[in-house]
$ cat data-v8.tsv   # TSV, C-alpha atoms and all ligand atoms
chain	number	residue	atom	x	y	z
A	200	MET	CA	129.72	85.67	56.11
A	201	ALA	CA	131.47	82.51	57.35
A	202	LYS	CA	130.51	80.77	54.11
A	203	LYS	CA	131.96	83.52	51.97
A	204	ILE	CA	135.27	83.35	53.84
A	205	ALA	CA	135.36	79.54	53.69
A	206	SER	CA	135.04	79.51	49.92
A	207	THR	CA	138.24	81.53	49.52
A	208	LEU	CA	140.37	79.80	52.14
A	209	LEU	CA	143.51	77.91	51.08
A	210	LEU	CA	143.57	76.27	54.50
A	211	ASP	CA	140.22	76.00	56.26
A	212	LEU	CA	141.12	75.39	59.91
A	213	SER	CA	137.59	74.35	60.81
A	214	ALA	CA	137.69	71.56	58.19
A	215	LEU	CA	140.84	69.93	59.61
A	216	PRO	CA	140.37	66.77	61.66
A	217	GLU	CA	141.45	66.84	65.30
A	218	GLY	CA	145.18	66.33	65.76
A	219	PHE	CA	148.44	67.89	64.58
A	220	HIS	CA	148.93	69.17	61.04
A	221	ARG	CA	151.71	70.80	59.08
A	222	ARG	CA	150.72	72.87	56.06
A	223	ARG	CA	152.43	75.22	53.66
A	224	VAL	CA	150.27	78.26	52.96
A	225	ALA	CA	151.30	79.88	49.68
A	226	ARG	CA	149.80	82.15	47.05
A	227	ASP	CA	151.01	84.84	44.63
A	228	GLY	CA	154.64	83.67	44.92
A	229	VAL	CA	154.87	84.05	48.72
A	230	GLY	CA	154.20	81.63	51.57
A	231	PHE	CA	155.04	80.20	54.98
A	232	GLU	CA	154.91	77.00	57.03
A	233	ALA	CA	152.00	76.66	59.45
A	234	PHE	CA	151.66	74.11	62.28
A	235	ILE	CA	148.19	73.43	63.55
A	236	TRP	CA	146.88	71.63	66.60
A	237	ARG	CA	143.15	71.02	66.18
A	238	GLY	CA	141.08	70.20	69.23
A	239	GLY	CA	137.46	70.84	68.36
A	240	ALA	CA	135.31	73.85	69.12
A	241	GLY	CA	136.89	76.70	71.05
A	242	PRO	CA	139.18	79.69	70.59
A	243	VAL	CA	141.65	79.84	67.71
A	244	LEU	CA	145.02	81.19	68.83
A	245	LEU	CA	147.46	82.27	66.12
A	246	VAL	CA	151.12	82.95	67.03
A	247	ASN	CA	153.98	83.84	64.73
A	248	GLY	CA	157.66	84.75	64.84
A	249	ALA	CA	159.98	86.45	62.36
A	250	THR	CA	157.64	89.10	61.04
A	251	HIS	CA	161.09	90.65	60.80
A	252	GLY	CA	163.70	88.25	59.44
A	253	ASP	CA	166.48	88.92	61.95
A	254	GLU	CA	164.48	88.20	65.12
A	255	TYR	CA	165.19	84.73	66.48
A	256	GLU	CA	163.49	84.29	69.86
A	257	GLY	CA	159.99	83.69	68.41
A	258	PRO	CA	161.11	81.22	65.72
A	259	THR	CA	163.24	79.32	68.27
A	260	LEU	CA	160.47	78.98	70.85
A	261	LEU	CA	157.75	78.10	68.36
A	262	GLN	CA	159.94	75.49	66.66
A	263	GLN	CA	160.65	73.94	70.08
A	264	TRP	CA	156.90	73.66	70.65
A	265	VAL	CA	156.39	72.18	67.19
A	266	GLN	CA	158.98	69.52	68.01
A	267	ARG	CA	157.69	68.71	71.50
A	268	TRP	CA	154.16	69.85	72.27
A	269	LYS	CA	151.62	67.04	72.46
A	270	PRO	CA	148.58	68.43	74.29
A	271	ARG	CA	146.44	65.72	75.87
A	272	ARG	CA	143.28	67.77	75.67
A	273	LEU	CA	142.84	70.87	73.60
A	274	ARG	CA	139.69	72.95	73.48
A	275	GLY	CA	140.05	74.94	70.30
A	276	THR	CA	142.83	75.39	67.78
A	277	VAL	CA	146.42	76.59	68.03
A	278	VAL	CA	148.32	77.74	64.93
A	279	PHE	CA	152.04	78.53	64.95
A	280	ILE	CA	153.98	80.14	62.14
A	281	PRO	CA	157.55	80.16	63.46
A	282	VAL	CA	158.94	82.09	60.48
A	283	LEU	CA	156.47	84.35	58.73
A	284	ASN	CA	158.94	86.35	56.64
A	285	GLU	CA	161.05	83.56	55.13
A	286	VAL	CA	162.98	85.56	52.53
A	287	ALA	CA	164.04	88.16	55.11
A	288	PHE	CA	164.89	85.35	57.55
A	289	PHE	CA	167.27	83.68	55.12
A	290	ALA	CA	168.79	87.05	54.26
A	291	GLY	CA	169.42	87.56	58.00
A	292	ALA	CA	167.71	90.92	57.62
A	293	ARG	CA	164.76	92.80	59.10
A	294	CYS	CA	163.16	93.19	55.66
A	295	ARG	CA	163.35	91.10	52.53
A	296	PRO	CA	166.06	92.49	50.23
A	297	ASP	CA	164.19	92.34	46.91
A	298	ASP	CA	161.57	94.99	47.72
A	299	GLY	CA	163.11	96.36	50.94
A	300	ALA	CA	159.63	96.76	52.43
A	301	ASN	CA	158.94	96.36	56.14
A	302	LEU	CA	156.31	93.64	56.63
A	303	ALA	CA	155.24	95.34	59.85
A	304	ARG	CA	154.28	98.44	57.83
A	305	SER	CA	152.60	96.58	54.98
A	306	PHE	CA	149.32	95.37	56.50
A	307	PRO	CA	146.61	94.70	55.50
A	308	GLY	CA	148.57	94.07	52.29
A	309	ASP	CA	147.75	93.88	48.62
A	310	ARG	CA	147.63	90.85	46.31
A	311	ARG	CA	148.80	93.01	43.40
A	312	GLY	CA	151.55	94.75	45.39
A	313	SER	CA	155.21	93.99	46.17
A	314	PRO	CA	156.15	90.55	47.57
A	315	THR	CA	155.98	91.95	51.11
A	316	GLN	CA	152.50	93.39	50.49
A	317	ARG	CA	151.41	90.05	49.03
A	318	LEU	CA	152.74	88.23	52.10
A	319	ALA	CA	150.85	90.63	54.39
A	320	LYS	CA	147.65	90.00	52.45
A	321	LEU	CA	148.16	86.23	52.57
A	322	PHE	CA	148.64	86.28	56.33
A	323	ASP	CA	145.77	88.69	56.88
A	324	ASP	CA	143.02	87.14	54.78
A	325	GLN	CA	144.04	83.51	55.31
A	326	LEU	CA	145.20	83.24	58.94
A	327	LEU	CA	144.22	86.35	60.88
A	328	ALA	CA	140.74	86.11	59.40
A	329	GLN	CA	140.29	82.70	61.01
A	330	CYS	CA	141.67	83.35	64.49
A	331	THR	CA	140.01	84.62	67.64
A	332	HIS	CA	143.26	85.63	69.42
A	333	TYR	CA	146.68	86.58	68.10
A	334	ALA	CA	150.27	87.03	69.32
A	335	ASP	CA	153.27	88.31	67.34
A	336	PHE	CA	156.71	87.54	68.82
A	337	HIS	CA	159.24	90.24	67.88
A	338	SER	CA	162.68	91.22	69.14
A	339	ALA	CA	165.27	93.96	68.71
A	340	GLY	CA	166.86	92.05	65.82
A	341	VAL	CA	170.58	92.02	65.09
A	342	ALA	CA	171.13	95.78	65.07
A	343	ASN	CA	169.61	96.65	68.46
A	344	GLU	CA	169.18	95.48	72.02
A	345	LEU	CA	166.11	96.11	74.17
A	346	LYS	CA	164.54	95.65	77.57
A	347	PRO	CA	161.92	92.97	76.85
A	348	TRP	CA	158.28	94.05	76.90
A	349	VAL	CA	154.78	93.01	75.92
A	350	GLY	CA	152.17	95.34	74.47
A	351	TYR	CA	148.96	95.84	72.57
A	352	VAL	CA	146.92	98.42	70.69
A	353	THR	CA	144.77	100.52	73.02
A	354	ASN	CA	141.34	102.16	72.58
A	355	LEU	CA	139.67	99.05	71.14
A	356	PRO	CA	136.22	97.85	72.28
A	357	LYS	CA	136.19	97.01	75.99
A	358	ALA	CA	135.94	93.23	75.59
A	359	VAL	CA	138.93	93.22	73.21
A	360	ASP	CA	140.93	95.48	75.53
A	361	ARG	CA	140.18	93.24	78.50
A	362	ASP	CA	141.32	90.09	76.68
A	363	GLN	CA	144.48	91.83	75.53
A	364	ALA	CA	145.32	92.94	79.07
A	365	ARG	CA	144.79	89.36	80.31
A	366	MET	CA	147.01	87.97	77.55
A	367	ALA	CA	149.75	90.54	78.19
A	368	ALA	CA	149.70	89.83	81.95
A	369	CYS	CA	150.74	86.22	81.18
A	370	PHE	CA	154.18	87.51	80.15
A	371	ASP	CA	154.94	88.67	83.66
A	372	SER	CA	158.74	88.68	83.30
A	373	PHE	CA	158.37	91.52	80.80
A	374	TRP	CA	157.22	95.06	81.39
A	375	SER	CA	154.09	96.14	79.60
A	376	TRP	CA	153.95	99.06	77.15
A	377	SER	CA	150.87	99.80	75.10
A	378	GLY	CA	149.70	102.69	72.97
A	379	PRO	CA	147.40	103.82	70.20
A	380	TYR	CA	146.90	102.22	66.80
A	381	LEU	CA	149.79	102.59	64.35
A	382	PRO	CA	148.98	101.60	60.77
A	383	GLY	CA	150.58	98.75	58.84
A	384	ARG	CA	151.34	96.38	61.72
A	385	THR	CA	150.14	92.83	62.21
A	386	LEU	CA	148.53	94.19	65.37
A	387	SER	CA	146.72	96.93	63.48
A	388	ALA	CA	145.37	94.30	61.06
A	389	ALA	CA	144.16	92.31	64.09
A	390	ALA	CA	142.67	95.50	65.58
A	391	ASP	CA	140.83	96.19	62.31
A	392	ARG	CA	139.25	92.75	62.72
A	393	ARG	CA	138.60	93.37	66.44
A	394	ILE	CA	140.75	90.36	67.33
A	395	PRO	CA	142.43	90.56	70.75
A	396	ALA	CA	146.17	90.68	70.01
A	397	ILE	CA	149.47	91.22	71.79
A	398	TYR	CA	153.07	91.48	70.71
A	399	THR	CA	156.23	90.72	72.61
A	400	GLU	CA	159.66	92.28	72.16
A	401	CYS	CA	162.69	90.24	73.23
A	402	ARG	CA	166.26	91.38	73.70
A	403	GLY	CA	167.57	90.67	70.21
A	404	ALA	CA	171.21	91.59	69.69
A	405	GLY	CA	171.25	88.85	67.06
A	406	ASP	CA	170.95	86.25	69.79
A	407	VAL	CA	168.41	84.24	71.76
A	408	ALA	CA	168.81	84.96	75.48
A	409	ALA	CA	167.93	81.91	77.60
A	410	ALA	CA	166.03	84.09	80.08
A	411	ASP	CA	163.92	85.60	77.29
A	412	LEU	CA	163.15	82.20	75.85
A	413	ALA	CA	162.04	80.93	79.29
A	414	ALA	CA	159.90	84.04	79.85
A	415	LEU	CA	158.29	83.71	76.44
A	416	ASP	CA	157.67	80.01	77.03
A	417	ALA	CA	156.02	80.62	80.41
A	418	GLY	CA	153.90	83.39	78.91
A	419	LEU	CA	152.71	81.20	76.08
A	420	ARG	CA	151.79	78.35	78.45
A	421	ARG	CA	149.79	80.71	80.65
A	422	MET	CA	148.07	82.31	77.69
A	423	LEU	CA	146.78	78.87	76.63
A	424	VAL	CA	145.26	78.46	80.09
A	425	VAL	CA	143.86	82.00	80.25
A	426	LEU	CA	142.16	81.57	76.87
A	427	GLY	CA	140.72	78.21	77.93
A	428	LEU	CA	142.58	76.20	75.29
A	429	VAL	CA	144.15	73.90	77.87
A	430	ALA	CA	143.19	73.11	81.43
A	431	GLY	CA	145.59	74.13	84.14
A	432	LYS	CA	146.13	76.20	87.21
A	433	MET	CA	147.41	79.70	86.73
A	434	PRO	CA	150.35	80.62	88.90
A	435	ARG	CA	150.21	83.92	90.71
A	436	LEU	CA	151.43	86.44	88.20
A	437	ARG	CA	154.00	89.05	89.09
A	438	ALA	CA	152.81	92.64	88.84
A	439	GLN	CA	154.30	94.17	85.72
A	440	VAL	CA	155.66	97.64	85.33
A	441	THR	CA	152.92	98.93	83.05
A	442	ARG	CA	152.71	102.01	80.91
A	443	ILE	CA	149.78	102.88	78.65
A	444	THR	CA	150.44	105.96	76.58
A	445	ARG	CA	148.13	108.18	74.54
A	446	SER	CA	151.06	109.33	72.44
A	447	VAL	CA	151.24	107.78	68.97
A	448	ARG	CA	154.90	108.72	68.86
A	449	GLU	CA	155.98	107.11	72.12
A	450	THR	CA	155.71	103.45	71.09
A	451	HIS	CA	156.76	104.15	67.49
A	452	LEU	CA	160.36	103.03	67.98
A	453	GLN	CA	161.84	104.22	64.69
A	454	VAL	CA	161.17	107.92	65.24
A	455	HIS	CA	163.34	108.41	68.34
A	456	HIS	CA	166.88	109.82	68.33
A	457	GLN	CA	167.38	109.46	64.62
A	458	ALA	CA	170.89	109.67	63.18
A	459	PRO	CA	171.26	113.14	61.63
A	460	HIS	CA	173.55	111.76	58.93
A	461	ASP	CA	175.36	108.59	57.86
A	462	GLY	CA	178.34	107.58	59.93
A	463	LEU	CA	179.82	105.75	62.90
A	464	PHE	CA	177.67	105.66	66.05
A	465	ILE	CA	179.42	105.89	69.39
A	466	SER	CA	176.96	105.09	72.14
A	467	ARG	CA	177.24	106.68	75.58
A	468	VAL	CA	174.32	104.84	77.19
A	469	ARG	CA	173.54	101.29	78.21
A	470	LEU	CA	170.26	99.43	78.38
A	471	ASN	CA	168.25	100.24	81.55
A	472	GLN	CA	170.25	103.38	82.23
A	473	LYS	CA	168.26	106.41	83.38
A	474	VAL	CA	169.01	109.45	81.27
A	475	ARG	CA	168.24	113.14	81.83
A	476	ARG	CA	166.71	115.26	79.08
A	477	GLY	CA	169.50	116.78	77.01
A	478	ALA	CA	172.18	114.37	78.22
A	479	PRO	CA	174.20	112.91	75.35
A	480	ILE	CA	173.08	109.45	74.34
A	481	GLY	CA	175.98	109.23	71.91
A	482	GLU	CA	177.48	110.80	68.84
A	483	VAL	CA	177.53	110.11	65.13
A	484	LEU	CA	180.79	110.74	63.23
A	485	THR	CA	180.76	111.09	59.47
A	486	LEU	CA	183.50	109.11	57.77
A	487	ALA	CA	185.13	112.50	57.10
A	488	GLY	CA	185.30	113.05	60.85
A	489	GLN	CA	182.50	115.55	61.62
A	490	SER	CA	180.74	114.72	64.87
A	491	THR	CA	177.14	115.35	65.91
A	492	VAL	CA	176.24	114.74	69.54
A	493	ILE	CA	172.75	113.29	70.05
A	494	PRO	CA	170.99	114.75	73.11
A	495	ALA	CA	168.25	112.83	74.92
A	496	GLU	CA	164.88	114.10	73.65
A	497	HIS	CA	163.33	113.64	77.09
A	498	ALA	CA	164.15	112.01	80.41
A	499	GLY	CA	163.67	108.27	80.70
A	500	LYS	CA	165.09	104.79	80.90
A	501	VAL	CA	166.99	103.35	77.94
A	502	VAL	CA	164.73	100.55	76.65
A	503	VAL	CA	166.22	100.19	73.16
A	504	VAL	CA	169.77	100.93	72.10
A	505	ARG	CA	171.51	100.59	68.78
A	506	LEU	CA	174.33	98.02	68.69
A	507	GLN	CA	175.26	98.16	65.03
A	508	ARG	CA	177.79	100.98	64.79
A	509	SER	CA	177.38	101.86	61.13
A	510	VAL	CA	174.30	104.04	60.80
A	511	ARG	CA	172.37	105.64	58.00
A	512	LYS	CA	170.65	109.00	58.27
A	513	GLY	CA	167.30	108.46	60.00
A	514	ASP	CA	168.21	105.23	61.84
A	515	ALA	CA	166.91	105.23	65.43
A	516	LEU	CA	169.82	105.16	67.88
A	517	ALA	CA	167.98	104.76	71.19
A	518	VAL	CA	164.52	104.79	72.70
A	519	LEU	CA	163.85	106.18	76.19
A	520	ALA	CA	160.68	105.26	78.04
A	521	PRO	CA	159.30	107.26	80.96
A	522	ILE	CA	159.30	104.31	83.37
A	601	ZN	ZN	160.15	93.11	64.85

$ encode --input "data-v8.tsv" --output "structure tokens" --more "lines below"
Ligand SMILES: [Zn+2]
Amino acid sequence: MAKKIASTLLLDLSALPEGFHRRRVARDGVGFEAFIWRGGAGPVLLVNGATHGDEYEGPTLLQQWVQRWKPRRLRGTVVFIPVLNEVAFFAGARCRPDDGANLARSFPGDRRGSPTQRLAKLFDDQLLAQCTHYADFHSAGVANELKPWVGYVTNLPKAVDRDQARMAACFDSFWSWSGPYLPGRTLSAAADRRIPAIYTECRGAGDVAAADLAALDAGLRRMLVVLGLVAGKMPRLRAQVTRITRSVRETHLQVHHQAPHDGLFISRVRLNQKVRRGAPIGEVLTLAGQSTVIPAEHAGKVVVVRLQRSVRKGDALAVLAPI
């Protein structure tokens, strides 16, 4: 099996000499920059940012590590892809404009599909296929703001679940929110391969909050220790607010409080606010002046809220979590 994979690899990590490498991985008209630290036998940790092009915390942190990180002893391999979705990144948009497809709904991808599907396939069969552990750094992007969390796909084999919980615990400044498999994600592709994987969600709002960057940095450092890639003492981790849901809908952010029509969104809630079921989270006004009030679908804390005031029918305006 390993031989079959190796024969089709554009970048065979196991064939790289020890040390630091920069490689462009490209095929079928799509590609990305990969940075690799090789340190001999051991786990292979893959981390990427900008699965969505308007999320800047992951790219910023990973580029800082690329510029500065010189591990003295590394047991295993670390691969960073600071910007996975380059075309969307340069468009300043969640999705690339030419096909409009969401990369985080396009896995495991298709070499004969749209550019986004080809990019998903490239990442899946070239990088995910070679890693033993995976982390995807997301954020709320430019249009939203959120209460930072870490999460993973539940109901995987016990050993995978246990590793994921250990990885997520490293990000102890964030709360932890996990739920069942949702198709199309990087994490679902990792789950299909039974690779322990986590994702993080930072505040977004088109910015990079210093506190989020520090939390992400600390989490990444600890994860390297937990996975045995670098030696070090683990600090005592703070207990996280943790929620594991069985609901497929709960952690599917785009299905909550959808705009009933195009218009101007006027928000009546703030991040972290506790909201009663039925209380107005805001209203959407058509440009002709008709208003629709949006009631809270259930009680909970505001963990995502829409900042961009122009909305299209179906856009999610807020997400409430029962925490
Ligand atoms: Zn994202």

$ residues_near_ligand --input "data-v8.tsv" --ligand "ligand ZN 601 (chain A)" --cutoff "7 Å" --atoms "all atoms listed in the file" --output "list in words"
Thr250, His251, Glu254, His337, Ser338, Ala339 and Gly340 of chain A

$ closest_atom_pairs --input "data-v8.tsv" --of "segment 323-391 of chain A" --to "segment 301-313 of chain A" --cutoff "12 Å" --atoms "all atoms listed in the file" --output "Markdown table"
| residue | atom | partner | partner_atom | distance |
| --- | --- | --- | --- | --- |
| A:Asp323 | CA | A:Pro307 | CA | 6.2 |
| A:Asp324 | CA | A:Pro307 | CA | 8.4 |
| A:Gln325 | CA | A:Pro307 | CA | 11.5 |
| A:Leu327 | CA | A:Pro307 | CA | 10.2 |
| A:Ala328 | CA | A:Pro307 | CA | 11.1 |
| A:Asp335 | CA | A:Ala303 | CA | 10.5 |
| A:Phe336 | CA | A:Ala303 | CA | 12.0 |
| A:His337 | CA | A:Ala303 | CA | 10.3 |
| A:Leu381 | CA | A:Arg304 | CA | 8.9 |
| A:Pro382 | CA | A:Arg304 | CA | 6.8 |
| A:Gly383 | CA | A:Arg304 | CA | 3.8 |
| A:Arg384 | CA | A:Ala303 | CA | 4.4 |
| A:Thr385 | CA | A:Ala303 | CA | 6.2 |
| A:Leu386 | CA | A:Ala303 | CA | 8.8 |
| A:Ser387 | CA | A:Phe306 | CA | 7.6 |
| A:Ala388 | CA | A:Pro307 | CA | 5.7 |
| A:Ala389 | CA | A:Pro307 | CA | 9.2 |
| A:Ala390 | CA | A:Pro307 | CA | 10.9 |
| A:Asp391 | CA | A:Pro307 | CA | 9.1 |

$ residues_around --input "data-v8.tsv" --residues "segment 409-426 of chain A" --least-positions-apart "4" --cutoff "6 Å" --atoms "all atoms listed in the file" --output "JSON list (two decimals) with C-alpha atoms, in the frame of the given file"
[["chain", "number", "residue", "atom", "x", "y", "z"],
["A", 366, "MET", "CA", 147.01, 87.97, 77.55],
["A", 369, "CYS", "CA", 150.74, 86.22, 81.18],
["A", 370, "PHE", "CA", 154.18, 87.51, 80.15],
["A", 372, "SER", "CA", 158.74, 88.68, 83.30],
["A", 430, "ALA", "CA", 143.19, 73.11, 81.43],
["A", 431, "GLY", "CA", 145.59, 74.13, 84.14]]

$ residues_near_point --input "data-v8.tsv" --point "(152.4, 79.9, 63.8)" --cutoff "6 Å" --atoms "only C-alpha atoms" --output "number ranges by chain"
A: 233, 245-247, 278-281

$ write_last_selection --input "data-v8.tsv" --atoms "C-alpha atoms" --output "tab-separated table (two decimals), in the coordinates of the input"
chain	number	residue	atom	x	y	z
A	233	ALA	CA	152.00	76.66	59.45
A	245	LEU	CA	147.46	82.27	66.12
A	246	VAL	CA	151.12	82.95	67.03
A	247	ASN	CA	153.98	83.84	64.73
A	278	VAL	CA	148.32	77.74	64.93
A	279	PHE	CA	152.04	78.53	64.95
A	280	ILE	CA	153.98	80.14	62.14
A	281	PRO	CA	157.55	80.16	63.46

$ atom_distance --input "data-v8.tsv" --atom1 "atom CA of Gly248 of chain A" --atom2 "atom CA of Arg222 of chain A"
16.3 Å

$ atom_distance --input "data-v8.tsv" --atom1 "atom CA of Leu210 of chain A" --atom2 "atom CA of Ile397 of chain A"
23.6 Å

$ atom_distance --input "data-v8.tsv" --atom1 "atom CA of Ala287 of chain A" --atom2 "atom CA of Tyr255 of chain A"
11.9 Å

$ residues_around --input "data-v8.tsv" --residues "Leu516 of chain A" --least-positions-apart "6" --cutoff "6 Å" --atoms "all atoms listed in the file" --output "ChimeraX atom specification"
/A:456-457,504-505

$ residues_around --input "data-v8.tsv" --residues "His451 of chain A" --least-positions-apart "5" --cutoff "10 Å" --atoms "only C-alpha atoms" --output "number ranges by chain"
A: 378-379, 381, 446, 518

$ write_last_selection --input "data-v8.tsv" --atoms "C-alpha atoms" --output "PDB file, in the coordinates of the input"
ATOM      1  CA  GLY A 378     149.700 102.690  72.970  1.00  0.00           C
ATOM      2  CA  PRO A 379     147.400 103.820  70.200  1.00  0.00           C
ATOM      3  CA  LEU A 381     149.790 102.590  64.350  1.00  0.00           C
ATOM      4  CA  SER A 446     151.060 109.330  72.440  1.00  0.00           C
ATOM      5  CA  VAL A 518     164.520 104.790  72.700  1.00  0.00           C
TER       6      VAL A 518
END

$ residues_near_point --input "data-v8.tsv" --point "(137.4, 80.8, 69.3)" --cutoff "6 Å" --atoms "all atoms listed in the file" --output "JSON, numbers by chain"
{"A": [241, 242, 243, 331]}

$ closest_residue --input "data-v8.tsv" --among "A:Arg511, A:Arg442, A:Arg361, A:Lys500" --to "Val468 of chain A" --atoms "all atoms listed in the file"
A:Lys500

$ closest_residue --input "data-v8.tsv" --among "A:Val359, A:Lys473, A:Gly299, A:Arg508" --to "Gln316 of chain A" --atoms "all atoms listed in the file"
A:Gly299

$ decode --input "data-v8.tsv" --residues "segment 488-501 of chain A" --atoms "N, CA and C atoms" --output "compact mmCIF listing (two decimals), in the first residue's frame"
# COMPACT_ATOMS: atom_id res chain seq x y z
N GLY A 488 -37.74 48.50 2.15
CA GLY A 488 -38.19 48.90 3.49
C GLY A 488 -39.03 47.91 4.26
N GLN A 489 -39.26 46.69 3.74
CA GLN A 489 -40.01 45.69 4.52
C GLN A 489 -39.08 45.00 5.51
N SER A 490 -39.54 44.89 6.75
CA SER A 490 -38.70 44.34 7.81
C SER A 490 -39.16 42.95 8.22
N THR A 491 -38.20 42.05 8.44
CA THR A 491 -38.51 40.75 9.06
C THR A 491 -37.64 40.61 10.30
N VAL A 492 -38.30 40.42 11.43
CA VAL A 492 -37.57 40.22 12.68
C VAL A 492 -37.16 38.75 12.75
N ILE A 493 -35.92 38.50 13.22
CA ILE A 493 -35.40 37.14 13.29
C ILE A 493 -35.41 36.69 14.75
N PRO A 494 -36.31 35.77 15.12
CA PRO A 494 -36.32 35.30 16.51
C PRO A 494 -35.26 34.23 16.76
N ALA A 495 -34.76 34.17 17.97
CA ALA A 495 -33.80 33.13 18.34
C ALA A 495 -34.46 31.76 18.24
N GLU A 496 -33.80 30.84 17.54
CA GLU A 496 -34.38 29.51 17.31
C GLU A 496 -34.42 28.69 18.60
N HIS A 497 -33.50 28.98 19.50
CA HIS A 497 -33.45 28.29 20.79
C HIS A 497 -32.66 29.18 21.74
N ALA A 498 -32.67 28.84 23.01
CA ALA A 498 -31.90 29.63 23.97
C ALA A 498 -30.41 29.29 23.82
N GLY A 499 -29.56 30.24 24.14
CA GLY A 499 -28.13 29.95 24.08
C GLY A 499 -27.29 31.20 24.12
N LYS A 500 -25.98 30.97 24.02
CA LYS A 500 -25.02 32.06 24.02
C LYS A 500 -24.64 32.38 22.57
N VAL A 501 -24.52 33.66 22.25
CA VAL A 501 -24.14 34.05 20.90
C VAL A 501 -22.66 33.70 20.69
